[in-house]
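> Sharing my_file.cif (mmCIF, C-alpha atoms) below.
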data_run
#
loop_
_atom_site.label_atom_id
_atom_site.label_comp_id
_atom_site.auth_asym_id
_atom_site.auth_seq_id
_atom_site.Cartn_x
_atom_site.Cartn_y
_atom_site.Cartn_z
CA MET A 1 -5.24 12.17 -13.18
CA ASN A 2 -7.51 13.14 -16.02
CA ASP A 3 -8.95 10.58 -18.39
CA ARG A 4 -6.62 11.41 -21.27
CA LEU A 5 -3.53 11.04 -19.12
CA ARG A 6 -4.87 7.85 -17.56
CA ALA A 7 -5.46 6.42 -21.04
CA VAL A 8 -1.80 7.04 -21.86
CA VAL A 9 -0.47 5.65 -18.58
CA ASP A 10 -2.66 2.56 -18.60
CA ARG A 11 -2.52 1.79 -22.31
CA GLU A 12 -1.40 -1.64 -23.36
CA LEU A 13 1.86 -1.68 -25.25
CA THR A 14 2.26 -3.98 -28.19
CA LEU A 15 4.58 -6.91 -27.63
CA GLU A 16 7.02 -5.36 -30.07
CA GLU A 17 7.03 -2.06 -28.17
CA SER A 18 7.70 -3.73 -24.85
CA HIS A 19 10.36 -6.05 -26.26
CA VAL A 20 12.25 -3.13 -27.78
CA TYR A 21 12.18 -1.34 -24.45
CA LEU A 22 13.07 -4.36 -22.36
CA LYS A 23 15.90 -5.53 -24.60
CA ALA A 24 17.60 -2.14 -24.64
CA PRO A 25 20.76 -2.39 -22.57
CA ILE A 26 20.77 -0.69 -19.21
CA THR A 27 23.39 2.03 -19.45
CA PRO A 28 25.82 2.66 -16.59
CA ARG A 29 24.17 6.04 -16.11
CA GLU A 30 20.70 4.50 -15.85
CA ARG A 31 21.96 1.83 -13.48
CA GLU A 32 23.71 4.34 -11.23
CA GLY A 33 20.63 6.57 -11.23
CA VAL A 34 18.41 3.72 -10.07
CA LEU A 35 20.89 2.51 -7.48
CA GLU A 36 21.30 6.03 -6.16
CA LEU A 37 17.54 6.26 -5.71
CA VAL A 38 17.52 2.92 -3.90
CA ARG A 39 20.37 4.05 -1.64
CA TRP A 40 18.55 7.27 -0.80
CA PHE A 41 15.22 5.55 -0.22
CA THR A 42 16.53 2.75 1.95
CA ALA A 43 18.73 5.10 3.98
CA ARG A 44 15.96 7.65 4.48
CA TYR A 45 13.38 4.94 5.18
CA PRO A 46 15.35 1.96 6.51
CA THR A 47 12.44 -0.26 7.47
CA PRO A 48 9.73 -1.74 5.22
CA VAL A 49 7.02 -0.06 7.30
CA GLU A 50 8.63 3.35 6.80
CA ARG A 51 8.85 2.75 3.05
CA LEU A 52 5.18 1.82 2.84
CA ALA A 53 4.22 4.85 4.91
CA TYR A 54 6.28 7.09 2.64
CA VAL A 55 4.38 5.84 -0.40
CA ARG A 56 1.05 6.49 1.28
CA ARG A 57 2.09 10.05 2.09
CA ALA A 58 3.47 10.61 -1.40
CA THR A 59 0.27 9.26 -2.95
CA ALA A 60 -1.83 11.53 -0.74
CA ARG A 61 0.28 14.50 -1.83
CA TRP A 62 -0.10 13.50 -5.46
CA ARG A 63 -3.85 13.28 -5.04
CA SER A 64 -4.09 16.69 -3.40
CA VAL A 65 -1.94 18.33 -6.08
CA SER A 66 -3.66 16.64 -9.01
CA GLY A 67 -7.14 17.00 -7.56
CA ALA A 68 -7.63 13.29 -8.14
CA THR A 69 -10.01 12.60 -5.31
CA THR A 70 -11.28 9.37 -6.76
CA ALA A 71 -8.46 8.38 -9.05
CA ARG A 72 -6.73 5.19 -8.01
CA ARG A 73 -3.55 4.93 -10.01
CA PRO A 74 -0.93 7.64 -10.09
CA MET B 1 -13.20 3.70 6.35
CA ARG B 2 -11.46 6.85 5.16
CA SER B 3 -8.08 6.36 3.55
CA ALA B 4 -6.40 8.37 6.32
CA ASP B 5 -7.78 5.90 8.89
CA PHE B 6 -6.49 2.79 7.13
CA ASP B 7 -3.98 0.93 9.28
CA GLU B 8 -1.72 -0.67 6.74
CA VAL B 9 0.26 -2.79 9.16
CA ALA B 10 -2.94 -4.07 10.76
CA PHE B 11 -4.20 -5.11 7.34
CA PHE B 12 -1.00 -7.01 6.56
CA ARG B 13 -1.02 -8.53 10.03
CA SER B 14 -4.59 -9.81 9.58
CA ALA B 15 -3.77 -11.19 6.15
CA HIS B 16 -0.73 -13.01 7.51
CA GLN B 17 -2.48 -14.37 10.56
CA SER B 18 -5.42 -15.60 8.47
CA GLY B 19 -3.19 -18.29 7.02
CA ALA B 20 -4.15 -17.29 3.48
CA ARG B 21 -1.38 -17.81 0.99
CA ALA B 22 -1.18 -14.25 -0.29
CA LEU B 23 1.59 -12.68 -2.29
CA LEU B 24 1.93 -8.93 -2.47
CA ILE B 25 2.74 -8.07 -6.07
CA GLY B 26 2.64 -4.80 -7.99
CA ARG B 27 4.40 -1.61 -7.07
CA ARG B 28 4.05 -1.98 -3.30
CA ALA B 29 6.24 -5.05 -3.57
CA LEU B 30 8.83 -2.92 -5.36
CA VAL B 31 8.61 -0.38 -2.55
CA LEU B 32 9.32 -3.05 0.04
CA LEU B 33 12.38 -4.08 -1.97
CA GLY B 34 13.69 -0.52 -1.84
CA LEU B 35 12.43 1.08 -5.04
CA PRO B 36 10.69 4.43 -4.50
CA VAL B 37 7.77 4.14 -6.93
CA LEU B 38 4.36 5.69 -6.52
CA THR B 39 1.16 3.69 -6.29
CA ALA B 40 -2.29 4.10 -4.85
CA ASP B 41 -3.36 0.45 -4.98
CA TYR B 42 -2.51 -2.82 -3.36
CA ASP B 43 -2.10 -5.85 -5.62
CA PHE B 44 -2.24 -9.40 -4.34
CA TRP B 45 -2.10 -12.80 -5.94
CA ILE B 46 -3.64 -15.32 -3.57
CA SER B 47 -4.26 -19.04 -3.61
CA ILE B 48 -7.54 -19.87 -5.27
CA ASP B 49 -8.39 -21.96 -2.19
CA ASP B 50 -7.89 -19.13 0.27
CA ILE B 51 -10.33 -16.47 -0.90
CA ASP B 52 -12.60 -16.77 2.14
CA LYS B 53 -9.67 -16.60 4.57
CA PHE B 54 -8.28 -13.55 2.82
CA ASN B 55 -11.65 -11.82 2.69
CA ARG B 56 -12.24 -12.41 6.39
CA ALA B 57 -8.86 -10.84 7.12
CA ALA B 58 -9.67 -7.90 4.86
CA ALA B 59 -13.03 -7.46 6.58
CA SER B 60 -11.20 -6.49 9.76
CA SER B 61 -9.97 -3.47 7.79
CA GLU B 62 -13.50 -2.88 6.51
CA LEU B 63 -12.58 -3.91 2.98
CA THR B 64 -15.49 -5.35 1.01
CA PRO B 65 -15.10 -7.85 -1.84
CA SER B 66 -16.60 -7.01 -5.21
CA LEU B 67 -17.51 -10.66 -5.86
CA ASP B 68 -18.29 -13.68 -3.74
CA ALA B 69 -15.65 -16.40 -3.63
CA GLU B 70 -17.21 -18.60 -6.28
CA ALA B 71 -17.64 -15.74 -8.74
CA ALA B 72 -14.09 -14.57 -8.01
CA ARG B 73 -12.77 -18.07 -8.77
CA ARG B 74 -14.61 -18.09 -12.09
CA ARG B 75 -13.40 -14.63 -13.02
CA GLY B 76 -9.86 -15.02 -11.74
CA ARG B 77 -9.77 -11.67 -10.05
CA TYR B 78 -11.77 -9.36 -7.84
CA VAL B 79 -11.40 -6.21 -5.82
CA LEU B 80 -11.47 -5.43 -2.11
CA GLU B 81 -12.47 -1.88 -1.52
CA ASN B 82 -13.42 0.93 0.76
CA ASP B 83 -11.44 4.15 0.32
CA GLU B 84 -8.55 1.77 -0.31
CA HIS B 85 -8.41 -0.38 -3.40
CA VAL B 86 -6.97 -3.89 -3.38
CA ASP B 87 -6.77 -5.82 -6.65
CA VAL B 88 -6.74 -9.56 -6.04
CA LEU B 89 -5.74 -12.24 -8.56
CA VAL B 90 -6.97 -15.74 -7.76
CA ALA B 91 -5.91 -17.89 -10.70
CA ARG B 92 -3.84 -21.06 -10.25
CA SER B 93 -1.77 -20.00 -13.23
CA ILE B 94 -1.59 -16.81 -15.26
CA PRO B 95 0.13 -16.42 -18.62
CA THR B 96 2.41 -13.49 -19.27
CA VAL B 97 1.76 -11.37 -22.33
CA ASP B 98 4.47 -13.47 -23.99
CA GLY B 99 2.52 -16.65 -23.24
CA VAL B 100 4.70 -17.93 -20.39
CA PRO B 101 2.53 -19.68 -17.79
CA VAL B 102 3.24 -18.63 -14.22
CA ALA B 103 1.90 -20.97 -11.55
CA PHE B 104 0.92 -19.60 -8.17
CA ASP B 105 2.24 -22.63 -6.31
CA ASP B 106 5.69 -22.27 -7.88
CA VAL B 107 5.88 -18.58 -7.07
CA TRP B 108 4.63 -19.23 -3.56
CA THR B 109 7.31 -21.86 -3.01
CA ARG B 110 10.04 -19.39 -3.97
CA ARG B 111 8.53 -16.42 -2.09
CA GLN B 112 10.48 -14.13 0.19
CA THR B 113 9.07 -12.88 3.44
CA ILE B 114 9.45 -9.36 4.74
CA SER B 115 8.76 -8.56 8.36
CA LEU B 116 6.83 -5.37 9.04
CA ALA B 117 6.42 -6.00 12.76
CA PRO B 118 7.00 -9.00 15.03
CA ASP B 119 3.55 -10.34 14.15
CA ALA B 120 3.13 -8.90 10.67
CA VAL B 121 4.83 -10.52 7.72
CA VAL B 122 4.35 -9.84 4.02
CA CYS B 123 5.15 -12.40 1.35
CA VAL B 124 6.42 -11.15 -2.00
CA PRO B 125 7.66 -13.07 -5.03
CA GLU B 126 11.40 -13.35 -5.47
CA ILE B 127 12.63 -10.82 -8.02
CA ASP B 128 12.54 -13.02 -11.14
CA ASP B 129 8.98 -14.05 -10.31
CA LEU B 130 8.00 -10.47 -9.57
CA ILE B 131 9.30 -9.59 -13.02
CA LEU B 132 7.07 -12.31 -14.49
CA THR B 133 4.03 -10.90 -12.68
CA LYS B 134 4.90 -7.56 -14.23
CA ARG B 135 4.39 -9.29 -17.60
CA PHE B 136 0.75 -10.14 -16.80
CA ALA B 137 -0.04 -6.72 -18.19
CA ASN B 138 1.93 -4.74 -20.72
CA ARG B 139 1.58 -1.13 -19.69
CA PRO B 140 4.38 1.43 -19.84
CA LYS B 141 4.77 1.37 -16.06
CA ASP B 142 5.11 -2.41 -16.06
CA VAL B 143 8.08 -2.37 -18.40
CA GLU B 144 9.57 0.55 -16.47
CA ASP B 145 9.28 -1.49 -13.31
CA ILE B 146 10.93 -4.49 -14.95
CA ARG B 147 13.96 -2.37 -15.80
CA LEU B 148 14.12 -1.15 -12.22
CA LEU B 149 13.95 -4.73 -10.95
CA ASN B 150 16.63 -5.81 -13.40
CA VAL B 151 18.93 -3.11 -12.05
CA LEU B 152 18.14 -4.20 -8.53
CA LYS B 153 19.14 -7.76 -9.29
CA GLY B 154 22.22 -6.70 -11.22
CA LYS B 155 21.21 -7.67 -14.73
CA ASP B 156 22.36 -5.76 -17.82
CA THR B 157 18.95 -5.63 -19.54
#
Using the file provided, produce a representation of the structure as structure tokens.


Amino acid sequence: MNDRLRAVVDRELTLEESHVYLKAPITPREREGVLELVRWFTARYPTPVERLAYVRRATARWRSVSGATTARRP
Amino acid sequence: MRSADFDEVAFFRSAHQSGARALLIGRRALVLLGLPVLTADYDFWISIDDIDKFNRAAASSELTPSLDAEAARRRGRYVLENDEHVDVLVARSIPTVDGVPVAFDDVWTRRQTISLAPDAVVCVPEIDDLILTKRFANRPKDVEDIRLLNVLKGKDT
């Protein structure tokens, strides 16, 4: 991740910004999208160890694609 | 230790067997709860009295603390690192960005445990407490994660 992108990802929101986002109702579509992801993830990787291993592999892939050899936070 | 050589389960096993009161927070806790989010780091909140125990456990995975225990207590946080990166909070209480104090002992009391292997257990905050820890910072990904957690627990916002 380059420095400009990291600055965006890691920037601190104002309280007002975060409150607006957090108070927005969760739509049925958003809810179903999240729950579908959870269903896929927990079916594909049913144990906690498998889930953790998946994240390590996914992070390694992200690093190789982004060239972020030293970056810590995707 | 190269990242590819890091034995994640062994690290969690050592941490558990050390007796340190250590809560996995951050995105890896979300992953354990079933949310497929990406993260490179480990985030822990540990008892301020258990820094040495936790560091000894981490040493078995060749993780080195950035500060000694006394300095970590004063600062409230430190890092364990090799090719892996573990952020460790050590405060008795941390305020959210909204000013809500969150006490480690309370969160520890309500913790949930997740078994990785017969001898490897990870403790994570229950969902409402995990949401509070996501309010320690106020980054875009923190508020995204709070919405995911709210869906997971069946809330409307």

> For the structure shown, which residues end up in the PyMOL selection byres ((chain B) within 7 of (chain A))? Put them as a list in words, please?

Val31, Leu32, Gly34, Leu35, Pro36, Leu38, Thr39, Ala40, Asp41, Leu116, Asn138, Arg139, Pro140, Val143, Arg147, Leu148, Val151, Asp156 and Thr157 of chain B

> Would you write out those residues with C-alpha atoms, as a PDB file, in the frame of the given file?


ATOM      1  CA  VAL B  31       8.610  -0.380  -2.550  1.00  0.00           C
ATOM      2  CA  LEU B  32       9.320  -3.050   0.040  1.00  0.00           C
ATOM      3  CA  GLY B  34      13.690  -0.520  -1.840  1.00  0.00           C
ATOM      4  CA  LEU B  35      12.430   1.080  -5.040  1.00  0.00           C
ATOM      5  CA  PRO B  36      10.690   4.430  -4.500  1.00  0.00           C
ATOM      6  CA  LEU B  38       4.360   5.690  -6.520  1.00  0.00           C
ATOM      7  CA  THR B  39       1.160   3.690  -6.290  1.00  0.00           C
ATOM      8  CA  ALA B  40      -2.290   4.100  -4.850  1.00  0.00           C
ATOM      9  CA  ASP B  41      -3.360   0.450  -4.980  1.00  0.00           C
ATOM     10  CA  LEU B 116       6.830  -5.370   9.040  1.00  0.00           C
ATOM     11  CA  ASN B 138       1.930  -4.740 -20.720  1.00  0.00           C
ATOM     12  CA  ARG B 139       1.580  -1.130 -19.690  1.00  0.00           C
ATOM     13  CA  PRO B 140       4.380   1.430 -19.840  1.00  0.00           C
ATOM     14  CA  VAL B 143       8.080  -2.370 -18.400  1.00  0.00           C
ATOM     15  CA  ARG B 147      13.960  -2.370 -15.800  1.00  0.00           C
ATOM     16  CA  LEU B 148      14.120  -1.150 -12.220  1.00  0.00           C
ATOM     17  CA  VAL B 151      18.930  -3.110 -12.050  1.00  0.00           C
ATOM     18  CA  ASP B 156      22.360  -5.760 -17.820  1.00  0.00           C
ATOM     19  CA  THR B 157      18.950  -5.630 -19.540  1.00  0.00           C
TER      20      THR B 157
END

> Rounded to one decimal in Å, what is the spacing between CA of Asp105 (chain B) and CA of Glu126 (chain B)?

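Atom-to-atom, CA of Asp105 (chain B) to CA of Glu126 (chain B), that is 13.1 Å.
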
> Quick one: everything within 10 Å of Ala20 (chain B), counting only C-alpha atoms, minus sequence neighbours fewer than 3 positions away in the same chain. Send it as an mmCIF file with C-alpha atoms, in the frame of the given file.


data_model
loop_
_atom_site.group_PDB
_atom_site.id
_atom_site.type_symbol
_atom_site.label_atom_id
_atom_site.label_comp_id
_atom_site.auth_asym_id
_atom_site.auth_seq_id
_atom_site.Cartn_x
_atom_site.Cartn_y
_atom_site.Cartn_z
ATOM 1 C CA SER B 14 -4.590 -9.810 9.580
ATOM 2 C CA ALA B 15 -3.770 -11.190 6.150
ATOM 3 C CA HIS B 16 -0.730 -13.010 7.510
ATOM 4 C CA GLN B 17 -2.480 -14.370 10.560
ATOM 5 C CA LEU B 23 1.590 -12.680 -2.290
ATOM 6 C CA ILE B 46 -3.640 -15.320 -3.570
ATOM 7 C CA SER B 47 -4.260 -19.040 -3.610
ATOM 8 C CA ILE B 48 -7.540 -19.870 -5.270
ATOM 9 C CA ASP B 49 -8.390 -21.960 -2.190
ATOM 10 C CA ASP B 50 -7.890 -19.130 0.270
ATOM 11 C CA ILE B 51 -10.330 -16.470 -0.900
ATOM 12 C CA ASP B 52 -12.600 -16.770 2.140
ATOM 13 C CA LYS B 53 -9.670 -16.600 4.570
ATOM 14 C CA PHE B 54 -8.280 -13.550 2.820
ATOM 15 C CA ASN B 55 -11.650 -11.820 2.690
ATOM 16 C CA ARG B 56 -12.240 -12.410 6.390
ATOM 17 C CA ALA B 57 -8.860 -10.840 7.120
#

> Determine the residue membership of the PyMOL selection byres ((chain B and resi 91-100) around 9) for the file above and supply it as a list in words.

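Given this file, the PyMOL selection byres ((chain B and resi 91-100) around 9) evaluates to Leu15 of chain A; Trp45, Ile46, Ser47, Ile48, Arg73, Arg74, Arg75, Gly76, Arg77, Leu89, Val90, Pro101, Val102, Ala103, Phe104, Asp105, Leu132, Thr133, Lys134, Arg135, Phe136, Ala137 and Asn138 of chain B.
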
> Using Å and a single decimal, report how far CA of Val37 (chain B) sits from CA of Asp83 (chain B).

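These atoms are spaced 20.5 Å apart.
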
> Using Å and a single decimal, report how far CA of Asp87 (chain B) sits from CA of Leu30 (chain B).

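These two atoms are separated by 15.9 Å.
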
> Assuming the chain letters and numbering stay as they are in my file, what does the PyMOL selection byres ((chain B and resi 12) around 10) actually select? List them as a list in words.

Asp7, Glu8, Val9, Ala10, Phe11, Arg13, Ser14, Ala15, His16, Gln17, Ser18, Ala22, Leu24, Ala57, Ala58, Ser61, Leu116, Ala117, Asp119, Ala120, Val121, Val122 and Cys123 of chain B

> I need the chosen residues saved as a PDB file, in the coordinates of the input, with C-alpha atoms.


ATOM      1  CA  ASP B   7      -3.980   0.930   9.280  1.00  0.00           C
ATOM      2  CA  GLU B   8      -1.720  -0.670   6.740  1.00  0.00           C
ATOM      3  CA  VAL B   9       0.260  -2.790   9.160  1.00  0.00           C
ATOM      4  CA  ALA B  10      -2.940  -4.070  10.760  1.00  0.00           C
ATOM      5  CA  PHE B  11      -4.200  -5.110   7.340  1.00  0.00           C
ATOM      6  CA  ARG B  13      -1.020  -8.530  10.030  1.00  0.00           C
ATOM      7  CA  SER B  14      -4.590  -9.810   9.580  1.00  0.00           C
ATOM      8  CA  ALA B  15      -3.770 -11.190   6.150  1.00  0.00           C
ATOM      9  CA  HIS B  16      -0.730 -13.010   7.510  1.00  0.00           C
ATOM     10  CA  GLN B  17      -2.480 -14.370  10.560  1.00  0.00           C
ATOM     11  CA  SER B  18      -5.420 -15.600   8.470  1.00  0.00           C
ATOM     12  CA  ALA B  22      -1.180 -14.250  -0.290  1.00  0.00           C
ATOM     13  CA  LEU B  24       1.930  -8.930  -2.470  1.00  0.00           C
ATOM     14  CA  ALA B  57      -8.860 -10.840   7.120  1.00  0.00           C
ATOM     15  CA  ALA B  58      -9.670  -7.900   4.860  1.00  0.00           C
ATOM     16  CA  SER B  61      -9.970  -3.470   7.790  1.00  0.00           C
ATOM     17  CA  LEU B 116       6.830  -5.370   9.040  1.00  0.00           C
ATOM     18  CA  ALA B 117       6.420  -6.000  12.760  1.00  0.00           C
ATOM     19  CA  ASP B 119       3.550 -10.340  14.150  1.00  0.00           C
ATOM     20  CA  ALA B 120       3.130  -8.900  10.670  1.00  0.00           C
ATOM     21  CA  VAL B 121       4.830 -10.520   7.720  1.00  0.00           C
ATOM     22  CA  VAL B 122       4.350  -9.840   4.020  1.00  0.00           C
ATOM     23  CA  CYS B 123       5.150 -12.400   1.350  1.00  0.00           C
TER      24      CYS B 123
END

> Could you tell me which of B:Ala29, B:Pro118, B:Asp106, B:Arg21 comes closest to Leu130 (chain B) if we count all atoms listed in the file?

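Ranked by minimum distance to Leu130 (chain B), first place goes to B:Ala29.
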